[in-house]
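Below is work_21.tsv, which holds TSV, C-alpha atoms.
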chain	number	residue	atom	x	y	z
A	1	MET	CA	162.53	111.64	74.95
A	2	ARG	CA	159.32	112.74	76.64
A	3	ASP	CA	157.67	112.94	73.23
A	4	ASN	CA	158.67	109.39	72.42
A	5	ILE	CA	157.25	108.10	75.69
A	6	LYS	CA	154.01	109.93	75.02
A	7	ILE	CA	153.79	108.49	71.50
A	8	ILE	CA	154.40	104.93	72.61
A	9	GLY	CA	152.22	105.33	75.68
A	10	VAL	CA	149.15	106.72	73.92
A	11	LEU	CA	149.28	104.13	71.13
A	12	THR	CA	149.70	101.29	73.64
A	13	ILE	CA	146.85	102.46	75.83
A	14	VAL	CA	144.52	102.92	72.86
A	15	CYS	CA	145.33	99.41	71.59
A	16	LEU	CA	144.82	97.87	75.04
A	17	VAL	CA	141.47	99.56	75.59
A	18	CYS	CA	140.26	98.59	72.12
A	19	ALA	CA	141.40	94.99	72.62
A	20	LEU	CA	139.51	94.87	75.91
A	21	PHE	CA	136.29	96.09	74.33
A	22	LEU	CA	136.64	93.71	71.42
A	23	SER	CA	137.19	90.64	73.59
A	24	LEU	CA	134.13	91.61	75.61
A	25	ALA	CA	132.02	91.97	72.47
A	26	ALA	CA	133.33	88.73	70.97
A	27	SER	CA	132.70	86.67	74.10
A	28	MET	CA	129.19	88.10	74.46
A	29	ALA	CA	128.32	87.16	70.92
A	30	LYS	CA	130.17	83.84	70.68
A	31	ASP	CA	127.22	81.71	71.76
A	32	LYS	CA	124.81	83.35	69.36
A	33	VAL	CA	127.21	83.02	66.44
A	34	THR	CA	127.79	79.28	66.94
A	35	ARG	CA	124.06	78.78	67.49
A	36	ASN	CA	123.33	80.57	64.19
A	37	GLU	CA	125.74	78.32	62.36
A	38	SER	CA	124.29	75.11	63.75
A	39	LYS	CA	120.76	76.44	63.11
A	40	ALA	CA	121.59	76.91	59.43
A	41	ILE	CA	122.96	73.38	59.24
A	42	ARG	CA	119.97	71.82	60.98
A	43	GLU	CA	117.52	73.70	58.77
A	44	ALA	CA	119.38	72.45	55.72
A	45	ILE	CA	119.23	68.84	56.92
A	46	PHE	CA	115.50	69.01	57.72
A	47	ASN	CA	114.94	70.53	54.29
A	48	ILE	CA	116.75	67.70	52.55
A	49	VAL	CA	115.26	64.80	54.50
A	50	GLY	CA	111.68	65.44	55.55
A	51	GLU	CA	111.39	62.23	57.59
A	52	CYS	CA	114.28	63.24	59.82
A	53	LYS	CA	113.04	64.11	63.28
A	54	GLU	CA	116.27	64.22	65.23
A	55	ILE	CA	119.87	65.12	64.48
A	56	LYS	CA	122.80	64.07	66.61
A	57	GLU	CA	126.15	65.74	66.08
A	58	VAL	CA	129.27	63.61	66.52
A	59	SER	CA	132.91	64.36	65.92
A	60	ILE	CA	134.97	61.70	64.17
A	61	LYS	CA	138.70	62.46	64.07
A	62	GLY	CA	137.94	66.17	64.12
A	63	THR	CA	135.25	66.10	61.41
A	64	LYS	CA	131.67	66.93	62.39
A	65	VAL	CA	129.20	64.31	61.25
A	66	TYR	CA	125.45	64.56	61.77
A	67	LYS	CA	123.47	61.37	62.39
A	68	LEU	CA	119.86	61.56	61.21
A	69	PHE	CA	117.12	59.68	63.04
A	70	ASP	CA	113.45	59.33	62.11
A	71	ASP	CA	110.51	59.46	64.53
A	72	LYS	CA	111.06	55.80	65.48
A	73	ASN	CA	114.67	56.66	66.43
A	74	SER	CA	116.21	54.49	63.72
A	75	LEU	CA	119.21	55.76	61.78
A	76	ILE	CA	118.27	57.24	58.40
A	77	GLY	CA	121.69	58.38	57.29
A	78	TYR	CA	124.58	60.76	57.78
A	79	GLY	CA	124.97	64.44	57.07
A	80	PHE	CA	128.17	66.38	56.67
A	81	LEU	CA	129.45	69.66	55.35
A	82	ALA	CA	131.39	69.32	52.09
A	83	ALA	CA	133.41	72.30	50.95
A	84	GLY	CA	135.74	73.13	48.10
A	85	GLU	CA	136.61	75.57	45.35
A	86	GLY	CA	133.94	76.52	42.88
A	87	TYR	CA	134.24	78.66	39.75
A	88	GLN	CA	134.40	81.70	42.03
A	89	GLY	CA	135.20	81.23	45.68
A	90	LYS	CA	134.29	78.45	48.06
A	91	ILE	CA	131.14	76.34	47.82
A	92	LYS	CA	129.78	74.79	51.04
A	93	ILE	CA	127.40	71.89	50.50
A	94	MET	CA	125.32	70.15	53.16
A	95	THR	CA	125.39	66.52	52.04
A	96	VAL	CA	123.13	63.75	53.30
A	97	VAL	CA	123.75	60.09	52.47
A	98	ASP	CA	121.82	56.99	53.48
A	99	LYS	CA	123.19	54.86	56.29
A	100	ASN	CA	124.81	52.29	53.99
A	101	PHE	CA	126.45	54.87	51.75
A	102	ASN	CA	124.54	53.47	48.78
A	103	LYS	CA	122.87	56.65	47.69
A	104	LEU	CA	122.72	60.39	48.24
A	105	LEU	CA	119.60	61.53	50.02
A	106	GLY	CA	120.11	65.07	48.87
A	107	ILE	CA	122.20	68.22	49.04
A	108	GLU	CA	121.72	71.84	50.04
A	109	ILE	CA	124.08	74.63	48.98
A	110	ILE	CA	124.91	76.46	52.23
A	111	SER	CA	127.08	79.14	50.69
A	112	SER	CA	128.53	79.96	47.31
A	113	GLN	CA	129.69	82.93	45.27
A	114	GLU	CA	129.09	81.64	41.75
A	115	THR	CA	128.14	83.91	38.87
A	116	PRO	CA	124.56	85.12	39.22
A	117	GLY	CA	122.35	83.78	36.44
A	118	LEU	CA	124.81	81.05	35.52
A	119	GLY	CA	126.80	79.18	38.19
A	120	ALA	CA	124.42	80.47	40.87
A	121	LYS	CA	121.82	78.14	39.37
A	122	ILE	CA	123.37	75.41	41.52
A	123	ASN	CA	121.12	76.87	44.21
A	124	GLU	CA	118.00	76.10	42.18
A	125	ASP	CA	115.77	73.17	43.09
A	126	TYR	CA	115.97	71.63	39.63
A	127	PHE	CA	119.75	71.20	39.99
A	128	LYS	CA	119.78	70.10	43.63
A	129	ASN	CA	116.94	67.62	43.13
A	130	GLN	CA	119.07	65.69	40.63
A	131	PHE	CA	121.20	64.55	43.56
A	132	LYS	CA	118.35	62.84	45.38
A	133	SER	CA	118.71	59.04	45.22
A	134	LEU	CA	121.95	59.30	43.25
A	135	ASN	CA	124.07	56.12	43.33
A	136	ILE	CA	127.25	56.83	45.29
A	137	LYS	CA	128.80	53.35	45.36
A	138	ILE	CA	130.86	54.65	42.43
A	139	PRO	CA	131.94	58.29	41.95
A	140	ILE	CA	129.29	60.76	40.80
A	141	GLU	CA	129.62	62.02	37.25
A	142	TYR	CA	128.24	64.95	35.33
A	143	THR	CA	127.19	65.01	31.71
A	144	LYS	CA	126.32	67.77	29.29
A	145	GLY	CA	123.98	65.52	27.35
A	146	GLU	CA	121.20	63.24	28.52
A	147	VAL	CA	121.56	61.46	31.86
A	148	LYS	CA	122.13	57.78	31.15
A	149	LYS	CA	123.44	56.24	34.40
A	150	ASP	CA	122.14	56.35	37.96
A	151	ASN	CA	125.27	58.11	39.22
A	152	GLN	CA	125.06	60.91	36.68
A	153	ILE	CA	123.65	64.42	36.81
A	154	LYS	CA	123.15	66.93	34.03
A	155	ALA	CA	125.43	69.95	34.21
A	156	ILE	CA	123.90	73.44	34.03
A	157	THR	CA	124.04	74.93	30.54
A	158	GLY	CA	126.68	77.65	30.54
A	159	ALA	CA	127.88	76.69	34.01
A	160	THR	CA	129.86	73.53	33.46
A	161	ILE	CA	132.65	74.51	35.83
A	162	SER	CA	130.27	75.24	38.69
A	163	SER	CA	128.46	71.94	38.08
A	164	LYS	CA	131.76	70.08	37.85
A	165	SER	CA	132.96	71.70	41.09
A	166	VAL	CA	129.87	70.53	42.95
A	167	VAL	CA	130.40	66.98	41.69
A	168	ASN	CA	134.11	67.00	42.64
A	169	ILE	CA	133.45	68.46	46.07
A	170	LEU	CA	130.81	65.81	46.75
A	171	ASN	CA	132.98	62.92	45.53
A	172	LYS	CA	135.93	63.98	47.69
A	173	ALA	CA	133.76	64.45	50.78
A	174	ILE	CA	131.89	61.16	50.32
A	175	ASP	CA	135.18	59.28	49.96
A	176	LYS	CA	136.59	60.94	53.05
A	177	LEU	CA	133.50	60.13	55.07
A	178	LYS	CA	133.41	56.52	53.86
A	179	SER	CA	136.93	55.97	55.18
A	180	LEU	CA	136.25	57.86	58.41
A	181	LEU	CA	133.17	55.81	59.22
A	182	LYS	CA	134.72	52.50	58.12
A	183	ASN	CA	137.25	52.77	60.92
A	184	GLU	CA	134.60	53.56	63.53
B	1	MET	CA	134.77	101.67	45.28
B	2	CYS	CA	135.27	98.00	45.92
B	3	PRO	CA	132.67	97.56	48.67
B	4	THR	CA	130.32	99.93	46.87
B	5	LEU	CA	130.28	97.74	43.78
B	6	ALA	CA	130.27	94.41	45.55
B	7	VAL	CA	127.53	94.88	48.15
B	8	THR	CA	124.93	96.92	46.25
B	9	THR	CA	123.49	93.86	44.48
B	10	THR	CA	120.24	94.42	46.37
B	11	ALA	CA	118.65	97.41	48.07
B	12	LEU	CA	118.72	95.70	51.47
B	13	ASN	CA	122.43	94.91	51.17
B	14	GLY	CA	123.22	98.51	50.25
B	15	LEU	CA	121.13	99.76	53.16
B	16	SER	CA	122.78	97.36	55.66
B	17	MET	CA	126.25	98.33	54.50
B	18	GLY	CA	125.31	102.01	54.80
B	19	CYS	CA	124.04	101.51	58.34
B	20	ALA	CA	127.27	99.75	59.30
B	21	VAL	CA	129.24	102.72	57.91
B	22	ILE	CA	127.05	105.22	59.80
B	23	PHE	CA	127.67	103.35	63.07
B	24	VAL	CA	131.44	103.24	62.52
B	25	LEU	CA	131.62	106.87	61.35
B	26	PHE	CA	129.55	108.09	64.29
B	27	PHE	CA	131.44	106.35	67.07
B	28	SER	CA	134.88	106.72	65.52
B	29	SER	CA	134.31	110.46	65.10
B	30	LEU	CA	133.06	110.62	68.69
B	31	VAL	CA	136.12	108.93	70.16
B	32	VAL	CA	138.61	110.72	67.89
B	33	SER	CA	137.09	114.09	68.71
B	34	LEU	CA	137.12	113.32	72.44
B	35	ILE	CA	140.81	112.33	72.53
B	36	LYS	CA	142.08	114.74	69.89
B	37	ARG	CA	144.15	116.77	72.34
B	38	VAL	CA	145.80	113.70	73.85
B	39	VAL	CA	146.96	111.98	70.67
B	40	PRO	CA	150.46	112.95	69.50
B	41	HIS	CA	150.59	114.11	65.91
B	42	GLN	CA	153.02	111.42	64.80
B	43	VAL	CA	150.82	108.44	65.72
B	44	ARG	CA	147.43	109.92	64.91
B	45	ILE	CA	146.77	107.76	61.83
B	46	ALA	CA	147.72	104.58	63.67
B	47	VAL	CA	145.50	105.50	66.61
B	48	TYR	CA	142.53	106.45	64.41
B	49	THR	CA	142.90	103.22	62.44
B	50	VAL	CA	142.88	101.08	65.61
B	51	ILE	CA	139.76	102.87	66.84
B	52	ILE	CA	138.01	102.47	63.48
B	53	ALA	CA	139.01	98.79	63.29
B	54	THR	CA	137.54	98.19	66.75
B	55	PHE	CA	134.15	99.63	65.83
B	56	VAL	CA	134.11	97.81	62.49
B	57	THR	CA	134.83	94.51	64.23
B	58	ILE	CA	132.02	95.21	66.69
B	59	VAL	CA	129.64	95.74	63.75
B	60	ASP	CA	130.88	92.55	62.08
B	61	ILE	CA	130.30	90.54	65.27
B	62	PHE	CA	126.87	92.15	65.64
B	63	PHE	CA	125.82	91.20	62.10
B	64	LYS	CA	127.10	87.65	62.53
B	65	ALA	CA	125.13	87.22	65.74
B	66	GLN	CA	121.88	89.07	64.99
B	67	PHE	CA	121.54	89.09	61.19
B	68	PRO	CA	123.44	86.03	59.89
B	69	LYS	CA	121.76	86.10	56.48
B	70	ILE	CA	122.87	89.68	55.84
B	71	SER	CA	126.33	88.91	57.20
B	72	GLU	CA	126.54	86.08	54.67
B	73	GLN	CA	125.56	88.47	51.84
B	74	LEU	CA	127.99	91.24	52.80
B	75	GLY	CA	130.75	88.72	53.46
B	76	PRO	CA	134.28	90.12	53.63
B	77	TYR	CA	133.13	93.66	52.80
B	78	VAL	CA	132.17	94.50	56.37
B	79	PRO	CA	135.74	94.13	57.66
B	80	LEU	CA	136.83	96.12	54.59
B	81	ILE	CA	135.01	99.15	56.00
B	82	ILE	CA	138.19	99.63	58.04
B	83	VAL	CA	140.03	100.76	54.92
B	84	ASN	CA	137.09	102.75	53.58
B	85	CYS	CA	138.56	106.20	53.00
B	86	ILE	CA	135.39	107.99	54.09
B	87	ILE	CA	135.95	107.03	57.71
B	88	LEU	CA	139.66	107.67	58.07
B	89	GLY	CA	139.27	110.74	55.88
B	90	ARG	CA	136.59	112.35	58.05
B	91	CYS	CA	138.39	111.45	61.27
B	92	GLU	CA	141.59	113.06	60.06
B	93	ALA	CA	140.10	116.04	58.26
B	94	PHE	CA	137.26	116.89	60.62
B	95	ALA	CA	136.86	114.97	63.87
B	96	SER	CA	140.46	115.55	64.92
B	97	ARG	CA	140.07	119.32	64.56
B	98	TYR	CA	136.52	120.21	65.59
B	99	SER	CA	134.30	119.87	68.63
B	100	VAL	CA	132.51	116.67	69.53
B	101	LYS	CA	129.09	118.04	68.57
B	102	GLU	CA	130.30	119.24	65.17
B	103	SER	CA	132.13	115.97	64.55
B	104	LEU	CA	129.00	113.93	65.30
B	105	LEU	CA	126.93	116.05	62.94
B	106	ASP	CA	129.57	115.66	60.25
B	107	ALA	CA	129.62	111.89	60.77
B	108	LEU	CA	125.84	111.65	60.53
B	109	GLY	CA	125.71	113.83	57.44
B	110	MET	CA	128.41	111.89	55.62
B	111	GLY	CA	127.05	108.53	56.73
B	112	ILE	CA	123.46	109.21	55.76
B	113	GLY	CA	124.56	110.60	52.40
B	114	PHE	CA	126.67	107.51	51.73
B	115	THR	CA	123.83	105.21	52.78
B	116	TRP	CA	121.38	107.04	50.54
B	117	GLY	CA	123.76	106.63	47.59
B	118	LEU	CA	124.25	102.92	48.28
B	119	PHE	CA	120.50	102.41	48.70
B	120	ILE	CA	119.67	103.99	45.33
B	121	LEU	CA	122.46	102.08	43.60
B	122	GLY	CA	121.28	98.84	45.20
B	123	THR	CA	117.66	99.53	44.30
B	124	ILE	CA	118.41	100.12	40.62
B	125	ARG	CA	120.60	97.04	40.40
B	126	GLU	CA	118.09	94.87	42.23
B	127	ILE	CA	115.06	95.95	40.17
B	128	LEU	CA	116.83	95.61	36.82
B	129	GLY	CA	118.94	92.57	37.71
B	130	SER	CA	116.62	90.43	39.83
B	131	ARG	CA	113.17	91.92	39.21
B	132	THR	CA	112.73	92.40	42.96
B	133	PHE	CA	112.82	95.27	45.43
B	134	LEU	CA	113.64	94.44	49.04
B	135	GLY	CA	112.99	90.82	48.13
B	136	ILE	CA	109.51	91.42	46.74
B	137	GLU	CA	108.98	90.74	43.03
B	138	ILE	CA	107.85	93.92	41.37
B	139	LEU	CA	108.56	93.29	37.72
B	140	PRO	CA	106.63	90.60	35.86
B	141	SER	CA	108.43	87.36	34.96
B	142	SER	CA	108.05	88.27	31.28
B	143	PHE	CA	110.78	90.84	31.85
B	144	ASN	CA	114.15	89.20	31.25
B	145	PRO	CA	116.43	90.43	34.03
B	146	LEU	CA	119.63	92.22	33.02
B	147	VAL	CA	122.15	89.88	34.63
B	148	VAL	CA	124.91	92.46	34.06
B	149	MET	CA	123.26	94.56	36.76
B	150	VAL	CA	124.15	91.98	39.38
B	151	LEU	CA	127.78	91.94	38.28
B	152	PRO	CA	130.41	94.58	39.13
B	153	SER	CA	130.39	95.90	35.55
B	154	GLY	CA	126.72	96.72	35.91
B	155	ALA	CA	127.48	98.56	39.14
B	156	PHE	CA	130.03	100.73	37.32
B	157	LEU	CA	127.45	101.53	34.62
B	158	VAL	CA	124.73	102.49	37.07
B	159	LEU	CA	127.18	104.53	39.15
B	160	GLY	CA	128.26	106.38	36.02
B	161	PHE	CA	124.68	107.21	35.07
B	162	MET	CA	123.90	108.33	38.63
B	163	ILE	CA	126.88	110.69	38.67
B	164	ALA	CA	125.89	112.03	35.26
B	165	ALA	CA	122.35	112.61	36.52
B	166	MET	CA	123.62	114.39	39.66
B	167	ASN	CA	125.86	116.64	37.56
B	168	LYS	CA	122.91	117.54	35.34
B	169	ILE	CA	120.74	118.36	38.35
B	170	GLU	CA	123.47	120.50	39.90
B	171	GLU	CA	124.00	122.32	36.62
B	172	LYS	CA	120.31	123.13	36.35
B	173	SER	CA	120.12	124.48	39.90
B	174	GLN	CA	122.87	126.98	39.31

Exercise: express the given structure as structure tokens:
Amino acid sequence: MRDNIKIIGVLTIVCLVCALFLSLAASMAKDKVTRNESKAIREAIFNIVGECKEIKEVSIKGTKVYKLFDDKNSLIGYGFLAAGEGYQGKIKIMTVVDKNFNKLLGIEIISSQETPGLGAKINEDYFKNQFKSLNIKIPIEYTKGEVKKDNQIKAITGATISSKSVVNILNKAIDKLKSLLKNE
Amino acid sequence: MCPTLAVTTTALNGLSMGCAVIFVLFFSSLVVSLIKRVVPHQVRIAVYTVIIATFVTIVDIFFKAQFPKISEQLGPYVPLIIVNCIILGRCEAFASRYSVKESLLDALGMGIGFTWGLFILGTIREILGSRTFLGIEILPSSFNPLVVMVLPSGAFLVLGFMIAAMNKIEEKSQ
């Protein structure tokens, strides 16, 4: 009986002490971690839209939306984090649209785990730049051939699924944001 | 094997992972060695695992707060250090039976050796797979990078060659 008490007692005390240390560490670092995340998002937005001088974060029905303002304090557009499944793992895309939801101002891939040398090319400028000024009044499309319409982008050779995933993720997120902001 | 293959895509990633393992090994061995007489035999693995998990989580939080870019690269493999056999193995086989000083030396030796291995593996894969070393381009752009080096299969290949090379060197020195 004494052995059992010792077993349970030691394990319980060890777990309690460890939990105490961990909560201390987590609370000390919490601020820095959230600041790092918002820093990454802000950097991405400034990268996409050079004229943006100020970003205001609002929460609409639980979704974080970033309002972009230029140096004269007029609204340029909206930014939001789009996420979804890629070929391998989750792709997080910082998406910026103009204030009337007519066109995409640009995208930035925040995180992805696509195949290096193939799907990972979604991180390259030549792919991301295709999304600047893309018509979003109708869903975005991808094509393997030549780009013929103003809502089309060319998929990466050998990485069709990754390119398709980006397009799908963007379409879903843009739709969701359109409906969220319509009811504002 | 899993973390070894996944995080050694670049030299810096291998090095960071190694440093995380050294930290966990060092402090886990310290605590295990200090409390070795108090821990009942029947719960020792559970106790060691909780201690190891605590230090790993501290490292994970530290990376997320101070080095977010590296944390992003290493991803889920930092928490996976908890199940890395090196740590539980050394705690059980050494730290729980020897003095604190000896346990710390053992932890440092094992950790530095592991880090060195990861660093070399990461270096080879980075130079051949991305033409860079520690982020700096060192091979000319005319060299077509071997994409396989950045994939797990490439890691297996390099690891195999490294082990073969080590065996050869050991053979010669005997």

- Provide the CA of Asn135 (chain A) to CA of Ile91 (chain A) distance in Å, to one decimal place.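 That distance, rounded to one decimal, is 21.9 Å.
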
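Picture a line from CA of Asp70 (chain A) to CA of Arg35 (chain A); it runs 22.8 Å.
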
At a cut-off of 10 Å, can you tabulate as JSON lines every residue of chain A near chain B together with its closest atom pair and the distance in Å to one decimal, using all atoms listed in the file and ordering rows by chain then number?
{"residue": "A:Asp3", "atom": "CA", "partner": "B:Pro40", "partner_atom": "CA", "distance": 8.1}
{"residue": "A:Asn4", "atom": "CA", "partner": "B:Pro40", "partner_atom": "CA", "distance": 9.4}
{"residue": "A:Lys6", "atom": "CA", "partner": "B:Pro40", "partner_atom": "CA", "distance": 7.2}
{"residue": "A:Ile7", "atom": "CA", "partner": "B:Pro40", "partner_atom": "CA", "distance": 5.9}
{"residue": "A:Ile8", "atom": "CA", "partner": "B:Val43", "partner_atom": "CA", "distance": 8.5}
{"residue": "A:Gly9", "atom": "CA", "partner": "B:Val39", "partner_atom": "CA", "distance": 9.8}
{"residue": "A:Val10", "atom": "CA", "partner": "B:Val39", "partner_atom": "CA", "distance": 6.6}
{"residue": "A:Leu11", "atom": "CA", "partner": "B:Val47", "partner_atom": "CA", "distance": 6.0}
{"residue": "A:Thr12", "atom": "CA", "partner": "B:Val47", "partner_atom": "CA", "distance": 9.2}
{"residue": "A:Ile13", "atom": "CA", "partner": "B:Val47", "partner_atom": "CA", "distance": 9.8}
{"residue": "A:Val14", "atom": "CA", "partner": "B:Val47", "partner_atom": "CA", "distance": 6.8}
{"residue": "A:Cys15", "atom": "CA", "partner": "B:Val50", "partner_atom": "CA", "distance": 6.7}
{"residue": "A:Val17", "atom": "CA", "partner": "B:Ile51", "partner_atom": "CA", "distance": 9.5}
{"residue": "A:Cys18", "atom": "CA", "partner": "B:Thr54", "partner_atom": "CA", "distance": 6.0}
{"residue": "A:Ala19", "atom": "CA", "partner": "B:Thr54", "partner_atom": "CA", "distance": 7.7}
{"residue": "A:Leu20", "atom": "CA", "partner": "B:Thr54", "partner_atom": "CA", "distance": 9.9}
{"residue": "A:Phe21", "atom": "CA", "partner": "B:Thr54", "partner_atom": "CA", "distance": 8.0}
{"residue": "A:Leu22", "atom": "CA", "partner": "B:Thr54", "partner_atom": "CA", "distance": 6.5}
{"residue": "A:Ser23", "atom": "CA", "partner": "B:Ile58", "partner_atom": "CA", "distance": 9.8}
{"residue": "A:Leu24", "atom": "CA", "partner": "B:Ile58", "partner_atom": "CA", "distance": 9.8}
{"residue": "A:Ala25", "atom": "CA", "partner": "B:Ile58", "partner_atom": "CA", "distance": 6.6}
{"residue": "A:Ala26", "atom": "CA", "partner": "B:Ile61", "partner_atom": "CA", "distance": 6.7}
{"residue": "A:Ser27", "atom": "CA", "partner": "B:Ile61", "partner_atom": "CA", "distance": 9.9}
{"residue": "A:Met28", "atom": "CA", "partner": "B:Ile61", "partner_atom": "CA", "distance": 9.6}
{"residue": "A:Ala29", "atom": "CA", "partner": "B:Ala65", "partner_atom": "CA", "distance": 6.1}
{"residue": "A:Lys30", "atom": "CA", "partner": "B:Ala65", "partner_atom": "CA", "distance": 7.8}
{"residue": "A:Asp31", "atom": "CA", "partner": "B:Ala65", "partner_atom": "CA", "distance": 8.4}
{"residue": "A:Lys32", "atom": "CA", "partner": "B:Ala65", "partner_atom": "CA", "distance": 5.3}
{"residue": "A:Val33", "atom": "CA", "partner": "B:Ala65", "partner_atom": "CA", "distance": 4.7}
{"residue": "A:Thr34", "atom": "CA", "partner": "B:Ala65", "partner_atom": "CA", "distance": 8.5}
{"residue": "A:Arg35", "atom": "CA", "partner": "B:Ala65", "partner_atom": "CA", "distance": 8.7}
{"residue": "A:Asn36", "atom": "CA", "partner": "B:Pro68", "partner_atom": "CA", "distance": 7.0}
{"residue": "A:Glu37", "atom": "CA", "partner": "B:Pro68", "partner_atom": "CA", "distance": 8.4}
{"residue": "A:Ala40", "atom": "CA", "partner": "B:Pro68", "partner_atom": "CA", "distance": 9.3}
{"residue": "A:Ser111", "atom": "CA", "partner": "B:Glu72", "partner_atom": "CA", "distance": 8.0}
{"residue": "A:Ser112", "atom": "CA", "partner": "B:Glu72", "partner_atom": "CA", "distance": 9.8}
{"residue": "A:Gln113", "atom": "CA", "partner": "B:Gln73", "partner_atom": "CA", "distance": 9.5}
{"residue": "A:Thr115", "atom": "CA", "partner": "B:Leu151", "partner_atom": "CA", "distance": 8.1}
{"residue": "A:Pro116", "atom": "CA", "partner": "B:Val150", "partner_atom": "CA", "distance": 6.9}
{"residue": "A:Gly117", "atom": "CA", "partner": "B:Val147", "partner_atom": "CA", "distance": 6.4}
{"residue": "A:Leu118", "atom": "CA", "partner": "B:Val147", "partner_atom": "CA", "distance": 9.3}

Applying 10 Å and all atoms listed in the file, which residues near Leu75 (chain A) remain after dropping the ones on its own chain fewer than 2 positions away? List them as a PyMOL selection string. chain A and resi 52+54-55+67-73+77-78+98-99

Can you pull out every residue within 6 Å of region 3-19 of chain B, counting only C-alpha atoms, but drop anything in the same chain fewer than 4 positions away, and send it as a list in words?
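Here the answer would be Leu74, Tyr77, Thr115, Leu118, Phe119, Gly122, Thr123, Arg125, Glu126, Leu134, Val150, Pro152 and Ala155 of chain B.
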
Quick one: write out the picked residues with C-alpha atoms as an mmCIF file, in the coordinates of the input?
data_model
loop_
_atom_site.group_PDB
_atom_site.id
_atom_site.type_symbol
_atom_site.label_atom_id
_atom_site.label_comp_id
_atom_site.auth_asym_id
_atom_site.auth_seq_id
_atom_site.Cartn_x
_atom_site.Cartn_y
_atom_site.Cartn_z
ATOM 1 C CA LEU B 74 127.990 91.240 52.800
ATOM 2 C CA TYR B 77 133.130 93.660 52.800
ATOM 3 C CA THR B 115 123.830 105.210 52.780
ATOM 4 C CA LEU B 118 124.250 102.920 48.280
ATOM 5 C CA PHE B 119 120.500 102.410 48.700
ATOM 6 C CA GLY B 122 121.280 98.840 45.200
ATOM 7 C CA THR B 123 117.660 99.530 44.300
ATOM 8 C CA ARG B 125 120.600 97.040 40.400
ATOM 9 C CA GLU B 126 118.090 94.870 42.230
ATOM 10 C CA LEU B 134 113.640 94.440 49.040
ATOM 11 C CA VAL B 150 124.150 91.980 39.380
ATOM 12 C CA PRO B 152 130.410 94.580 39.130
ATOM 13 C CA ALA B 155 127.480 98.560 39.140
#

* Find the residues near Val56 (chain B): any atom within 8 Å, counting all atoms listed in the file, skip ones fewer than 6 places away on the same chain, and give them as a PyMOL selection string. => chain B and resi 20+24+78-79+81-82

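Closest approach to Cys85 (chain B) among B:Leu121, B:Met110, B:Leu30, B:Leu104 is made by B:Met110 (distances from only C-alpha atoms).
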
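Taking all atoms listed in the file, the non-local environment of Ala93 (chain B) within 12 Å (same-chain residues fewer than 3 positions away omitted) comprises Ser29, Val32, Ser33, Lys36, Arg44, Ile45, Tyr48, Cys85, Ile86, Ile87, Leu88, Gly89, Arg90, Ser96, Arg97, Tyr98, Ser103, Asp106 and Ala107 of chain B.
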
A:Ile45, A:Ala120, A:Ile153, A:Met94: which is nearest Ile76 (chain A), counting only C-alpha atoms?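 Comparing A:Ile45, A:Ala120, A:Ile153, A:Met94 against Ile76 (chain A), the winner is A:Ile45.
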
Here CA of Phe127 (chain A) and CA of Thr63 (chain A) stand apart by 26.9 Å

Q) Quick one: of B:Val21, B:Leu34, B:Leu128, B:Thr49, who's nearest to Leu108 (chain B), counting all atoms listed in the file? A)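 Answer, going by the shortest atom-to-atom distance: B:Val21.
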
Residues near Tyr87 (chain A), anyone? I mean within 7 Å using all atoms listed in the file, not counting same-chain ones fewer than 4 positions away, as a PyMOL selection string.
chain A and resi 114+161-162

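Each of B:Ile35, B:Cys91, B:Ile124, B:Phe23 was compared to Leu157 (chain B) using only C-alpha atoms, and B:Ile124 turns out to be the nearest.
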
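Residue nearest Val97 (chain A) within the list A:Asn171, A:Gln152, A:Ser38, A:Asn123: A:Asn171 [criterion: smallest interatomic distance, only C-alpha atoms].
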